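One file, upload-v4.txt, is given below (compact mmCIF, C-alpha atoms).
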# COMPACT_ATOMS: atom_id res chain seq x y z
CA MET Z 1 47.54 -27.88 -4.34
CA ALA Z 2 44.24 -29.36 -5.38
CA GLY Z 3 42.66 -28.27 -2.10
CA GLN Z 4 43.72 -24.68 -2.58
CA THR Z 5 42.36 -24.37 -6.13
CA LYS Z 6 39.09 -25.86 -4.99
CA ALA Z 7 38.72 -23.28 -2.22
CA ILE Z 8 39.44 -20.48 -4.65
CA ARG Z 9 36.95 -21.86 -7.11
CA ARG Z 10 34.32 -21.87 -4.42
CA ARG Z 11 35.02 -18.24 -3.58
CA ILE Z 12 34.82 -17.25 -7.23
CA LYS Z 13 31.43 -18.88 -7.48
CA SER Z 14 30.06 -17.17 -4.39
CA VAL Z 15 31.37 -13.75 -5.45
CA THR Z 16 29.82 -14.24 -8.89
CA ASN Z 17 26.48 -14.99 -7.29
CA THR Z 18 26.69 -11.99 -4.98
CA ARG Z 19 27.53 -9.82 -7.94
CA LYS Z 20 24.45 -11.05 -9.77
CA ILE Z 21 22.31 -10.07 -6.80
CA THR Z 22 23.82 -6.61 -6.40
CA LYS Z 23 23.54 -6.02 -10.12
CA ALA Z 24 19.85 -6.95 -10.06
CA MET Z 25 19.22 -4.72 -7.05
CA GLU Z 26 20.96 -1.88 -8.83
CA LEU Z 27 18.70 -2.21 -11.84
CA VAL Z 28 15.57 -2.47 -9.74
CA ALA Z 29 16.58 0.60 -7.71
CA ALA Z 30 17.31 2.50 -10.90
CA SER Z 31 13.87 1.89 -12.34
CA LYS Z 32 12.20 2.72 -9.02
CA MET Z 33 14.23 5.89 -8.80
CA ARG Z 34 13.07 6.97 -12.23
CA LYS Z 35 9.46 6.52 -11.18
CA ALA Z 36 9.98 8.31 -7.89
CA MET Z 37 11.71 11.18 -9.64
CA GLN Z 38 8.73 11.65 -11.92
CA SER Z 39 6.35 11.89 -8.99
CA VAL Z 40 8.65 14.35 -7.24
CA LEU Z 41 8.51 16.59 -10.28
CA GLY Z 42 4.74 16.07 -10.49
CA THR Z 43 4.01 17.39 -7.01
CA LYS Z 44 6.13 20.49 -7.19
CA PRO Z 45 3.64 22.57 -9.20
CA TYR Z 46 0.80 21.79 -6.79
CA ALA Z 47 2.72 22.93 -3.74
CA LYS Z 48 3.88 26.03 -5.54
CA LEU Z 49 0.44 26.98 -6.81
CA ALA Z 50 -1.21 26.25 -3.47
CA TRP Z 51 1.27 28.50 -1.77
CA SER Z 52 0.72 31.32 -4.24
CA THR Z 53 -3.01 31.02 -3.56
CA VAL Z 54 -2.34 31.37 0.16
CA MET Z 55 -0.24 34.41 -0.59
CA SER Z 56 -3.02 36.01 -2.58
CA ILE Z 57 -5.46 35.32 0.23
CA SER Z 58 -3.11 36.83 2.73
CA SER Z 59 -3.41 40.13 0.90
CA ALA Z 60 -7.15 40.00 1.51
CA ILE Z 61 -7.37 38.99 5.16
CA ASP Z 62 -5.10 38.75 8.16
CA THR Z 63 -3.80 35.24 7.75
CA HIS Z 64 -2.12 35.22 11.13
CA MET Z 65 -5.47 34.53 12.66
CA HIS Z 66 -5.29 30.97 11.45
CA PRO Z 67 -3.93 28.43 13.97
CA LEU Z 68 -1.67 26.78 11.42
CA LEU Z 69 0.10 30.07 10.75
CA ARG Z 70 0.41 31.29 14.31
CA SER Z 71 3.84 30.79 15.81
CA HIS Z 72 4.18 30.01 19.48
CA LYS Z 73 6.34 32.16 21.71
CA LYS Z 74 7.89 29.42 23.75
CA ILE Z 75 9.18 26.37 22.00
CA ASN Z 76 8.90 23.66 24.60
CA ARG Z 77 7.37 20.76 22.82
CA ILE Z 78 8.65 19.66 19.48
CA LEU Z 79 7.34 17.01 17.16
CA LEU Z 80 9.79 15.47 14.71
CA LEU Z 81 8.68 13.68 11.59
CA VAL Z 82 11.54 11.45 10.48
CA ILE Z 83 11.35 9.94 7.03
CA SER Z 84 13.58 6.95 6.40
CA SER Z 85 13.29 3.74 4.42
CA ASP Z 86 11.89 0.37 5.39
CA ARG Z 87 14.87 -1.55 4.12
CA GLY Z 88 18.59 -1.23 4.45
CA LEU Z 89 21.34 -1.74 1.88
CA ALA Z 90 20.94 1.82 0.72
CA GLY Z 91 24.42 3.12 1.43
CA GLY Z 92 24.45 6.05 3.81
CA PHE Z 93 20.83 6.97 3.24
CA ASN Z 94 19.34 6.08 6.61
CA THR Z 95 22.50 6.91 8.53
CA ASN Z 96 22.55 10.42 7.12
CA VAL Z 97 18.90 11.11 7.92
CA LEU Z 98 19.29 9.82 11.44
CA LYS Z 99 22.50 11.75 11.99
CA LYS Z 100 20.69 14.91 10.99
CA THR Z 101 17.81 14.03 13.30
CA PHE Z 102 19.99 13.52 16.33
CA GLU Z 103 21.96 16.69 15.56
CA GLN Z 104 18.67 18.54 15.62
CA ILE Z 105 17.57 16.91 18.87
CA ARG Z 106 20.88 17.73 20.53
CA ALA Z 107 20.70 21.33 19.33
CA TYR Z 108 17.32 21.74 21.00
CA GLU Z 109 18.41 20.04 24.19
CA ARG Z 110 21.43 22.29 24.45
CA ARG Z 111 19.27 25.38 24.16
CA GLN Z 112 17.31 24.28 27.13
CA ASP Z 113 17.64 26.75 30.02
CA SER Z 114 17.22 26.00 33.66
CA ASP Z 115 13.61 27.13 33.83
CA GLU Z 116 12.55 25.77 30.47
CA TYR Z 117 12.07 22.26 29.37
CA VAL Z 118 12.19 20.77 25.95
CA GLU Z 119 10.15 17.78 25.10
CA ILE Z 120 10.80 15.98 21.87
CA ARG Z 121 8.58 13.35 20.37
CA SER Z 122 8.74 11.70 17.03
CA VAL Z 123 6.61 10.37 14.24
CA CYS Z 124 8.44 7.84 12.13
CA VAL Z 125 8.07 6.87 8.52
CA GLY Z 126 9.94 3.69 7.68
CA LYS Z 127 11.22 0.90 9.88
CA ARG Z 128 14.77 2.17 10.11
CA SER Z 129 13.94 5.44 11.84
CA ALA Z 130 11.50 3.71 14.17
CA ASP Z 131 14.23 1.30 15.27
CA ALA Z 132 16.66 4.16 15.83
CA MET Z 133 14.14 6.17 17.85
CA ARG Z 134 13.41 3.17 20.01
CA ARG Z 135 17.11 2.69 20.62
CA ALA Z 136 17.59 6.37 21.45
CA GLN Z 137 14.54 6.22 23.72
CA ILE Z 138 12.78 9.11 22.11
CA PRO Z 139 9.03 8.70 22.56
CA MET Z 140 7.28 7.86 19.34
CA ILE Z 141 3.63 8.83 18.92
CA ALA Z 142 3.10 7.19 15.56
CA HIS Z 143 4.88 4.96 13.14
CA PHE Z 144 4.12 4.45 9.47
CA THR Z 145 5.62 1.73 7.31
CA ASP Z 146 5.26 0.42 3.79
CA ILE Z 147 4.41 3.73 2.22
CA THR Z 148 7.72 4.80 0.75
CA ASN Z 149 7.32 2.67 -2.33
CA ASN Z 150 5.25 4.17 -5.14
CA THR Z 151 3.45 6.45 -2.72
CA LYS Z 152 -0.08 7.67 -3.37
CA PHE Z 153 -1.30 10.97 -2.03
CA GLU Z 154 -4.06 9.26 -0.03
CA GLU Z 155 -1.47 7.16 1.75
CA VAL Z 156 0.28 10.11 3.31
CA LEU Z 157 -2.91 11.95 4.24
CA PRO Z 158 -3.09 10.35 7.71
CA ILE Z 159 0.43 11.61 8.50
CA GLY Z 160 -0.43 15.15 7.53
CA ARG Z 161 -3.69 15.02 9.43
CA LEU Z 162 -1.99 13.70 12.52
CA LEU Z 163 0.57 16.51 12.48
CA ILE Z 164 -2.09 19.16 11.91
CA ASP Z 165 -4.28 17.84 14.72
CA GLU Z 166 -1.43 17.65 17.19
CA PHE Z 167 -0.37 21.16 16.34
CA THR Z 168 -3.79 22.79 16.36
CA ASN Z 169 -4.69 21.07 19.62
CA GLY Z 170 -1.70 22.83 21.14
CA ASN Z 171 0.15 19.64 22.01
CA TYR Z 172 3.25 20.87 20.23
CA ASP Z 173 4.80 24.24 19.54
CA LYS Z 174 6.69 23.25 16.49
CA VAL Z 175 6.65 20.46 13.94
CA LEU Z 176 9.85 19.62 12.09
CA VAL Z 177 10.35 17.24 9.21
CA VAL Z 178 13.64 15.48 8.62
CA TYR Z 179 13.81 14.08 5.12
CA THR Z 180 16.31 13.61 2.33
CA ASP Z 181 16.21 16.19 -0.39
CA PHE Z 182 16.73 14.67 -3.80
CA VAL Z 183 19.14 16.89 -5.69
CA SER Z 184 20.31 14.43 -8.30
CA ALA Z 185 21.03 10.74 -8.63
CA LEU Z 186 24.46 11.39 -7.11
CA THR Z 187 23.63 13.95 -4.43
CA GLN Z 188 21.04 13.75 -1.70
CA ASN Z 189 20.91 16.13 1.21
CA PRO Z 190 19.36 15.28 4.54
CA THR Z 191 17.25 18.34 5.29
CA VAL Z 192 15.31 19.71 8.23
CA LEU Z 193 12.16 21.59 7.36
CA GLU Z 194 9.98 23.58 9.72
CA LEU Z 195 6.56 22.37 8.73
CA LEU Z 196 4.36 24.02 11.33
CA PRO Z 197 3.69 26.80 11.96
CA LEU Z 198 3.60 27.53 8.25
CA GLY Z 199 5.80 30.47 7.75
CA ASN Z 200 8.55 30.84 5.30
CA PRO Z 201 7.45 30.35 1.72
CA LYS Z 202 11.07 29.82 0.69
CA ASP Z 203 11.29 26.46 2.42
CA LEU Z 204 8.01 25.26 1.13
CA THR Z 205 8.51 25.02 -2.55
CA HIS Z 206 12.28 24.99 -2.87
CA GLN Z 207 11.86 28.03 -5.01
CA ASP Z 208 13.76 31.11 -3.93
CA SER Z 209 12.08 33.42 -6.34
CA LEU Z 210 8.38 33.11 -5.84
CA SER Z 211 6.72 35.41 -8.29
CA VAL Z 212 5.65 38.54 -6.50
CA VAL Z 213 1.92 38.45 -5.99
CA GLU Z 214 0.43 41.52 -7.55
CA ALA Z 215 -1.99 43.39 -5.38
CA VAL Z 216 -5.17 42.31 -7.12
CA GLU Z 217 -8.57 42.32 -5.55
CA TYR Z 218 -9.58 38.68 -5.32
CA GLN Z 219 -13.10 37.54 -4.97
CA PHE Z 220 -13.60 34.59 -2.62
CA GLU Z 221 -16.23 31.94 -2.69
CA PRO Z 222 -17.66 31.31 -0.15
CA SER Z 223 -15.31 33.46 2.00
CA PRO Z 224 -11.57 33.96 2.47
CA GLN Z 225 -11.69 32.28 5.87
CA ILE Z 226 -13.33 29.13 4.56
CA VAL Z 227 -10.99 28.91 1.59
CA LEU Z 228 -8.04 29.31 3.93
CA ASP Z 229 -9.39 26.65 6.29
CA ARG Z 230 -9.40 24.23 3.42
CA ILE Z 231 -6.23 25.17 1.63
CA LEU Z 232 -3.79 25.31 4.56
CA PRO Z 233 -4.24 21.70 5.69
CA ARG Z 234 -4.00 20.68 2.04
CA LEU Z 235 -0.74 22.56 1.75
CA VAL Z 236 0.69 20.84 4.81
CA GLU Z 237 -0.36 17.45 3.47
CA THR Z 238 1.22 18.23 0.12
CA MET Z 239 4.45 19.20 1.82
CA VAL Z 240 4.52 15.96 3.76
CA TYR Z 241 3.76 14.09 0.56
CA GLN Z 242 6.57 15.84 -1.21
CA ALA Z 243 9.00 15.10 1.60
CA VAL Z 244 8.06 11.42 1.44
CA LEU Z 245 8.53 11.37 -2.32
CA GLU Z 246 11.87 13.15 -2.18
CA SER Z 247 13.01 10.66 0.42
CA ALA Z 248 11.84 7.75 -1.71
CA ALA Z 249 13.71 9.05 -4.74
CA SER Z 250 16.80 9.57 -2.58
CA GLU Z 251 16.51 6.12 -1.08
CA HIS Z 252 16.39 4.45 -4.45
CA SER Z 253 19.24 6.44 -5.89
CA ALA Z 254 21.34 5.86 -2.76
CA ARG Z 255 20.63 2.15 -3.06
CA MET Z 256 21.45 2.24 -6.72
CA MET Z 257 24.83 3.85 -6.07
CA ALA Z 258 25.61 1.48 -3.18
CA MET Z 259 24.76 -1.52 -5.30
CA ARG Z 260 26.75 -0.21 -8.23
CA SER Z 261 29.87 0.14 -6.12
CA ALA Z 262 29.23 -3.30 -4.64
CA SER Z 263 29.02 -4.76 -8.14
CA ASP Z 264 32.22 -2.97 -9.11
CA ALA Z 265 33.98 -4.24 -6.02
CA ALA Z 266 32.80 -7.76 -6.79
CA LYS Z 267 34.14 -7.42 -10.31
CA ASP Z 268 37.59 -6.37 -9.03
CA MET Z 269 37.56 -9.19 -6.55
CA LEU Z 270 36.69 -11.69 -9.27
CA GLY Z 271 39.64 -10.47 -11.34
CA ASP Z 272 42.01 -10.97 -8.42
CA LEU Z 273 40.59 -14.36 -7.54
CA THR Z 274 40.75 -15.61 -11.12
CA PHE Z 275 44.38 -14.50 -11.29
CA THR Z 276 45.26 -16.32 -8.07
CA TYR Z 277 43.33 -19.36 -9.22
CA ASN Z 278 45.23 -19.53 -12.52
CA GLN Z 279 48.53 -19.11 -10.73
CA ALA Z 280 47.71 -21.92 -8.33
CA ARG Z 281 46.57 -24.15 -11.15
CA GLN Z 282 49.72 -23.44 -13.18
CA ALA Z 283 51.89 -24.07 -10.14
CA GLY Z 284 50.18 -27.44 -9.71
CA ILE Z 285 50.79 -28.41 -13.31
CA THR Z 286 54.42 -27.30 -13.17
CA GLN Z 287 54.95 -29.30 -10.04
CA GLU Z 288 53.39 -32.42 -11.53
CA ILE Z 289 55.59 -32.16 -14.61
CA ALA Z 290 58.64 -31.67 -12.42
CA GLU Z 291 57.70 -34.77 -10.46
CA ILE Z 292 57.20 -36.87 -13.58
CA SER Z 293 60.39 -35.72 -15.26
CA SER Z 294 62.44 -36.16 -12.13
CA GLY Z 295 60.96 -39.64 -11.78
CA ALA Z 296 61.94 -40.42 -15.40
CA ALA Z 297 65.43 -38.99 -14.80
CA ALA Z 298 65.80 -41.24 -11.76
CA LEU Z 299 64.91 -44.35 -13.83
CA GLU Z 300 67.41 -43.47 -16.58
CA THR Z 301 70.36 -43.39 -14.25
CA MET L 1 -9.85 34.75 -27.15
CA GLN L 2 -8.55 32.00 -24.96
CA PHE L 3 -7.02 31.67 -21.53
CA SER L 4 -4.55 29.24 -20.06
CA LEU L 5 -5.90 26.45 -17.86
CA LYS L 6 -3.99 24.14 -15.58
CA VAL L 7 -5.52 21.20 -13.78
CA VAL L 8 -3.12 20.12 -11.08
CA THR L 9 -3.31 17.37 -8.47
CA PRO L 10 -0.70 16.61 -5.83
CA GLU L 11 0.43 13.71 -8.00
CA ARG L 12 0.67 15.21 -11.45
CA ILE L 13 -0.40 17.89 -13.87
CA VAL L 14 -3.53 16.49 -15.46
CA TYR L 15 -4.12 19.15 -18.06
CA GLU L 16 -2.34 22.24 -19.27
CA ASP L 17 -3.47 24.15 -22.35
CA MET L 18 -5.24 27.18 -23.75
CA VAL L 19 -9.02 26.87 -23.60
CA ASP L 20 -12.09 28.92 -24.45
CA SER L 21 -14.10 28.22 -21.31
CA VAL L 22 -14.23 25.93 -18.31
CA SER L 23 -17.16 24.94 -16.11
CA VAL L 24 -16.66 23.56 -12.62
CA MET L 25 -18.71 22.66 -9.56
CA THR L 26 -17.95 24.97 -6.67
CA GLU L 27 -19.43 24.98 -3.21
CA MET L 28 -21.72 27.77 -4.37
CA GLY L 29 -22.92 25.93 -7.48
CA GLU L 30 -21.75 25.49 -11.02
CA LEU L 31 -19.47 28.15 -12.34
CA THR L 32 -18.27 28.83 -15.86
CA ILE L 33 -15.10 30.79 -16.40
CA LEU L 34 -14.67 32.73 -19.62
CA PRO L 35 -11.66 34.80 -20.66
CA HIS L 36 -11.10 38.01 -18.69
CA HIS L 37 -12.81 36.69 -15.62
CA MET L 38 -12.07 38.71 -12.54
CA PRO L 39 -9.59 37.29 -10.02
CA LEU L 40 -11.34 34.67 -7.95
CA VAL L 41 -10.63 31.90 -5.49
CA ALA L 42 -13.31 29.28 -4.89
CA ASN L 43 -13.64 25.93 -3.17
CA LEU L 44 -14.45 23.06 -5.49
CA ARG L 45 -16.87 20.25 -4.91
CA ALA L 46 -16.48 16.81 -6.40
CA GLY L 47 -17.99 16.91 -9.83
CA GLU L 48 -17.56 17.30 -13.52
CA VAL L 49 -15.15 19.73 -15.12
CA ARG L 50 -16.16 20.68 -18.63
CA LEU L 51 -13.81 22.56 -20.84
CA LYS L 52 -14.18 23.91 -24.31
CA LYS L 53 -11.33 24.35 -26.72
CA ASN L 54 -11.94 25.49 -30.29
CA GLY L 55 -15.59 24.43 -30.04
CA GLU L 56 -14.75 20.93 -28.83
CA GLU L 57 -15.79 19.95 -25.36
CA SER L 58 -13.81 17.61 -23.16
CA TYR L 59 -14.67 16.29 -19.74
CA PHE L 60 -12.84 15.64 -16.51
CA VAL L 61 -13.85 14.54 -13.06
CA ALA L 62 -12.35 16.42 -10.18
CA SER L 63 -12.81 15.94 -6.48
CA THR L 64 -12.61 18.61 -3.82
CA GLY L 65 -10.06 21.32 -4.30
CA PHE L 66 -9.69 24.92 -5.32
CA LEU L 67 -10.21 27.07 -8.33
CA GLU L 68 -8.03 30.09 -8.75
CA VAL L 69 -8.47 32.69 -11.45
CA HIS L 70 -5.48 34.97 -11.76
CA GLY L 71 -5.68 38.37 -13.27
CA GLY L 72 -3.71 37.69 -16.42
CA ASN L 73 -6.11 35.21 -18.01
CA GLN L 74 -4.70 32.29 -16.07
CA VAL L 75 -6.88 29.70 -14.41
CA VAL L 76 -5.62 27.02 -12.06
CA LEU L 77 -7.59 24.09 -10.71
CA LEU L 78 -6.01 22.52 -7.65
CA ALA L 79 -7.87 19.26 -7.13
CA ASP L 80 -7.21 16.37 -4.78
CA THR L 81 -7.79 13.98 -7.63
CA ALA L 82 -8.70 14.60 -11.24
CA GLU L 83 -9.06 12.35 -14.24
CA ARG L 84 -9.99 12.64 -17.84
CA VAL L 85 -13.29 10.94 -18.62
CA ASP L 86 -11.56 8.48 -20.97
CA GLU L 87 -9.50 7.31 -18.02
CA LEU L 88 -12.58 6.29 -16.08
CA GLU L 89 -13.59 2.65 -16.06
CA LEU L 90 -17.18 2.10 -15.15
CA GLU L 91 -16.78 -1.31 -13.52
CA LYS L 92 -14.02 -0.11 -11.26
CA ILE L 93 -16.00 2.96 -10.31
CA GLU L 94 -19.04 0.89 -9.43
CA GLU L 95 -16.87 -1.30 -7.24
CA ALA L 96 -15.31 1.69 -5.56
CA ARG L 97 -18.73 3.26 -5.03
CA ASP L 98 -20.07 0.11 -3.42
CA ARG L 99 -17.02 -0.09 -1.19
CA ALA L 100 -17.52 3.53 -0.20
CA ILE L 101 -21.19 2.94 0.66
CA LYS L 102 -20.29 -0.12 2.71
CA PHE L 103 -17.59 1.79 4.52
CA LEU L 104 -20.01 4.62 5.22
CA THR L 105 -22.58 2.35 6.81
CA GLU L 106 -19.89 0.62 8.83
CA THR L 107 -18.51 3.81 10.29
CA ARG L 108 -21.85 5.51 10.86
CA HIS L 109 -22.09 4.50 14.50
CA LYS L 110 -18.43 4.47 15.32
CA ASP L 111 -16.83 7.88 15.21
CA ASP L 112 -17.47 11.19 13.55
CA VAL L 113 -14.12 11.66 11.88
CA ALA L 114 -14.17 8.32 10.10
CA PHE L 115 -17.76 8.96 9.10
CA ALA L 116 -16.89 12.34 7.63
CA ASP L 117 -14.01 10.77 5.73
CA ALA L 118 -16.25 8.06 4.40
CA ALA L 119 -18.83 10.64 3.35
CA VAL L 120 -16.24 12.63 1.43
CA HIS L 121 -14.96 9.46 -0.15
CA LEU L 122 -18.45 8.46 -1.24
CA GLU L 123 -19.13 11.89 -2.65
CA ARG L 124 -16.02 11.60 -4.80
CA GLU L 125 -16.93 8.14 -6.06
CA LEU L 126 -20.48 9.23 -6.77
CA ALA L 127 -19.25 12.19 -8.77
CA ARG L 128 -17.06 9.87 -10.80
CA TYR L 129 -19.92 7.48 -11.31
CA ARG L 130 -22.36 10.18 -12.41
CA VAL L 131 -19.95 11.66 -14.90
CA ALA L 132 -18.92 8.26 -16.25
CA ILE L 133 -22.56 7.27 -16.83
CA LYS L 134 -23.48 10.59 -18.35
CA ARG L 135 -20.57 10.77 -20.74
CA ARG L 136 -20.76 7.16 -21.80
CA LYS L 137 -24.29 7.71 -23.04
CA THR L 138 -23.52 10.83 -24.96
CA HIS L 139 -20.51 9.30 -26.67
CA LYS L 140 -22.21 6.11 -27.83

Can you turn what I pasted into structure tokens?
Amino acid sequence: MAGQTKAIRRRIKSVTNTRKITKAMELVAASKMRKAMQSVLGTKPYAKLAWSTVMSISSAIDTHMHPLLRSHKKINRILLLVISSDRGLAGGFNTNVLKKTFEQIRAYERRQDSDEYVEIRSVCVGKRSADAMRRAQIPMIAHFTDITNNTKFEEVLPIGRLLIDEFTNGNYDKVLVVYTDFVSALTQNPTVLELLPLGNPKDLTHQDSLSVVEAVEYQFEPSPQIVLDRILPRLVETMVYQAVLESAASEHSARMMAMRSASDAAKDMLGDLTFTYNQARQAGITQEIAEISSGAAALET
Amino acid sequence: MQFSLKVVTPERIVYEDMVDSVSVMTEMGELTILPHHMPLVANLRAGEVRLKKNGEESYFVASTGFLEVHGGNQVVLLADTAERVDELELEKIEEARDRAIKFLTETRHKDDVAFADAAVHLERELARYRVAIKRRKTHK
């Protein structure tokens, strides 16, 4: 009897400790999520305004002359930017992003005809996606870690620049981004975004109703071409930045939810264990009393 | 007569209000926007942004970016970084400037891209430094 209650007591203690940890992680994730959410909201206006500037330029000159806007006829080489987290324990966060990534890769491989080839390479943000790419043996041309926490714009610049360079040099025909769109603390959607060539304004700003640009005569300083040369890379970098931020917010909220359910599960478990422990203890006491009284009864007779 | 001004960086909205005028550094030189300016898009250089609201001037530092004047009395500044002058701390800026200069001399003989980056970085820090010095004197 004594052995059993001791074992239960030990379990109760360990579950209590685990619960403390998950509770703490939940709180940390919640505060990080709040911060990440603020930065997500902060970047949206920039992307939106930058795009509307591009739109107003496009009324002045033929924007399809720019390499970042030109779409390639044959899609043979694809570059995937996969944004995941560095750490696990975030519920289905990384799994969902990676599932989406591999779905995408399979879709392209299936489209492959006999005379065409498809080459897929990846750029990874976060340790988790890098590990998965290595396991799946998809060549990785770059790998960024430690930037998903409290990200600064300067920190994602190299990613954007890398993608732009690879695309403008003609190494790839298409650049896709797989990230997790932060809808709310409860819902996050893994999303695939066609980053380059820049095309559909709808995808860019998550805004379906971009205000219609009135046909106004804009004056450009120094010239439309130079302005465009500067603003398009900026736009791409902002989009990458936004994708990283959305993913960070999603990561933290996914972790928060995972940790909350872990804490809840620990609480249920503690209730059950305490109940069993009390039962075992009571059974021990009852038995001892029975032994004593039966011993006394034996003496009397 | 006022117009609406927004100063936006990729990280946040730095300023959003109605103002009387705004002066910025563009690649073609300093430019002051008054109400009813014609639609314009210009590239910004790192430098001071001066804005006037009800006769009071306030100062910002912006780095490279874009200025867009919309038809309907709306002006948008898209800058890579932008801060209010009160947010600047001279010691930190001096440190950053020295780091930038060091970095520039280090990369000078290595490769062109890093050198160009370092040059841009230095230009931004210098702009901050200049504005911080200038405005500190006028306020004290």

Near chain Z, 10 Å: chain L residue rows, closest pairs, all atoms listed in the file, as JSON lines:
{"residue": "L:Val7", "atom": "CA", "partner": "Z:Tyr46", "partner_atom": "CA", "distance": 9.4}
{"residue": "L:Val8", "atom": "CA", "partner": "Z:Tyr46", "partner_atom": "CA", "distance": 6.0}
{"residue": "L:Thr9", "atom": "CA", "partner": "Z:Tyr46", "partner_atom": "CA", "distance": 6.3}
{"residue": "L:Pro10", "atom": "CA", "partner": "Z:Thr43", "partner_atom": "CA", "distance": 4.9}
{"residue": "L:Glu11", "atom": "CA", "partner": "Z:Thr43", "partner_atom": "CA", "distance": 5.2}
{"residue": "L:Arg12", "atom": "CA", "partner": "Z:Gly42", "partner_atom": "CA", "distance": 4.3}
{"residue": "L:Ile13", "atom": "CA", "partner": "Z:Gly42", "partner_atom": "CA", "distance": 6.4}
{"residue": "L:Val14", "atom": "CA", "partner": "Z:Gly42", "partner_atom": "CA", "distance": 9.7}
{"residue": "L:Thr26", "atom": "CA", "partner": "Z:Glu221", "partner_atom": "CA", "distance": 8.2}
{"residue": "L:Glu27", "atom": "CA", "partner": "Z:Pro222", "partner_atom": "CA", "distance": 7.3}
{"residue": "L:Met28", "atom": "CA", "partner": "Z:Pro222", "partner_atom": "CA", "distance": 6.8}
{"residue": "L:Met38", "atom": "CA", "partner": "Z:Tyr218", "partner_atom": "CA", "distance": 7.6}
{"residue": "L:Pro39", "atom": "CA", "partner": "Z:Tyr218", "partner_atom": "CA", "distance": 4.9}
{"residue": "L:Leu40", "atom": "CA", "partner": "Z:Gln219", "partner_atom": "CA", "distance": 4.5}
{"residue": "L:Val41", "atom": "CA", "partner": "Z:Phe220", "partner_atom": "CA", "distance": 4.9}
{"residue": "L:Ala42", "atom": "CA", "partner": "Z:Glu221", "partner_atom": "CA", "distance": 4.5}
{"residue": "L:Asn43", "atom": "CA", "partner": "Z:Val227", "partner_atom": "CA", "distance": 6.2}
{"residue": "L:Leu44", "atom": "CA", "partner": "Z:Glu221", "partner_atom": "CA", "distance": 9.5}
{"residue": "L:Thr64", "atom": "CA", "partner": "Z:Arg230", "partner_atom": "CA", "distance": 9.7}
{"residue": "L:Gly65", "atom": "CA", "partner": "Z:Ile231", "partner_atom": "CA", "distance": 8.0}
{"residue": "L:Phe66", "atom": "CA", "partner": "Z:Ile231", "partner_atom": "CA", "distance": 7.8}
{"residue": "L:Leu67", "atom": "CA", "partner": "Z:Thr53", "partner_atom": "CA", "distance": 9.5}
{"residue": "L:Glu68", "atom": "CA", "partner": "Z:Thr53", "partner_atom": "CA", "distance": 7.3}
{"residue": "L:Val69", "atom": "CA", "partner": "Z:Tyr218", "partner_atom": "CA", "distance": 8.6}
{"residue": "L:His70", "atom": "CA", "partner": "Z:Tyr218", "partner_atom": "CA", "distance": 8.5}
{"residue": "L:Gly71", "atom": "CA", "partner": "Z:Val216", "partner_atom": "CA", "distance": 7.3}
{"residue": "L:Val76", "atom": "CA", "partner": "Z:Leu49", "partner_atom": "CA", "distance": 8.0}
{"residue": "L:Leu77", "atom": "CA", "partner": "Z:Leu49", "partner_atom": "CA", "distance": 9.4}
{"residue": "L:Leu78", "atom": "CA", "partner": "Z:Tyr46", "partner_atom": "CA", "distance": 6.9}
{"residue": "L:Ala79", "atom": "CA", "partner": "Z:Tyr46", "partner_atom": "CA", "distance": 9.0}
{"residue": "L:Asp80", "atom": "CA", "partner": "Z:Phe153", "partner_atom": "CA", "distance": 8.5}
{"residue": "L:Thr81", "atom": "CA", "partner": "Z:Phe153", "partner_atom": "CA", "distance": 9.1}

Keeping C-alpha atoms for every residue in the selection just given, could you write it to a file as a compact mmCIF listing (two decimals), keeping the file's coordinate frame?
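Printed below is selection_23.txt as written:
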# COMPACT_ATOMS: atom_id res chain seq x y z
CA VAL L 7 -5.52 21.20 -13.78
CA VAL L 8 -3.12 20.12 -11.08
CA THR L 9 -3.31 17.37 -8.47
CA PRO L 10 -0.70 16.61 -5.83
CA GLU L 11 0.43 13.71 -8.00
CA ARG L 12 0.67 15.21 -11.45
CA ILE L 13 -0.40 17.89 -13.87
CA VAL L 14 -3.53 16.49 -15.46
CA THR L 26 -17.95 24.97 -6.67
CA GLU L 27 -19.43 24.98 -3.21
CA MET L 28 -21.72 27.77 -4.37
CA MET L 38 -12.07 38.71 -12.54
CA PRO L 39 -9.59 37.29 -10.02
CA LEU L 40 -11.34 34.67 -7.95
CA VAL L 41 -10.63 31.90 -5.49
CA ALA L 42 -13.31 29.28 -4.89
CA ASN L 43 -13.64 25.93 -3.17
CA LEU L 44 -14.45 23.06 -5.49
CA THR L 64 -12.61 18.61 -3.82
CA GLY L 65 -10.06 21.32 -4.30
CA PHE L 66 -9.69 24.92 -5.32
CA LEU L 67 -10.21 27.07 -8.33
CA GLU L 68 -8.03 30.09 -8.75
CA VAL L 69 -8.47 32.69 -11.45
CA HIS L 70 -5.48 34.97 -11.76
CA GLY L 71 -5.68 38.37 -13.27
CA VAL L 76 -5.62 27.02 -12.06
CA LEU L 77 -7.59 24.09 -10.71
CA LEU L 78 -6.01 22.52 -7.65
CA ALA L 79 -7.87 19.26 -7.13
CA ASP L 80 -7.21 16.37 -4.78
CA THR L 81 -7.79 13.98 -7.63

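Note that CA of Val125 (chain Z) and CA of Thr22 (chain Z) are 25.5 Å apart.
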
### Summary
Among L:Asp111, L:Glu106, L:Glu95, L:Glu123, Ala46 (chain L) is approached most closely, using only C-alpha atoms, by L:Glu123

### Task
Could you please give me, as a ChimeraX atom specification, the residues of protein, DNA or RNA lying at most 10 Å from (20.4, 12.7, 11.3) in the coordinate frame of the file, considering only C-alpha atoms?
/Z:82,93-105,129,178-180,190-192
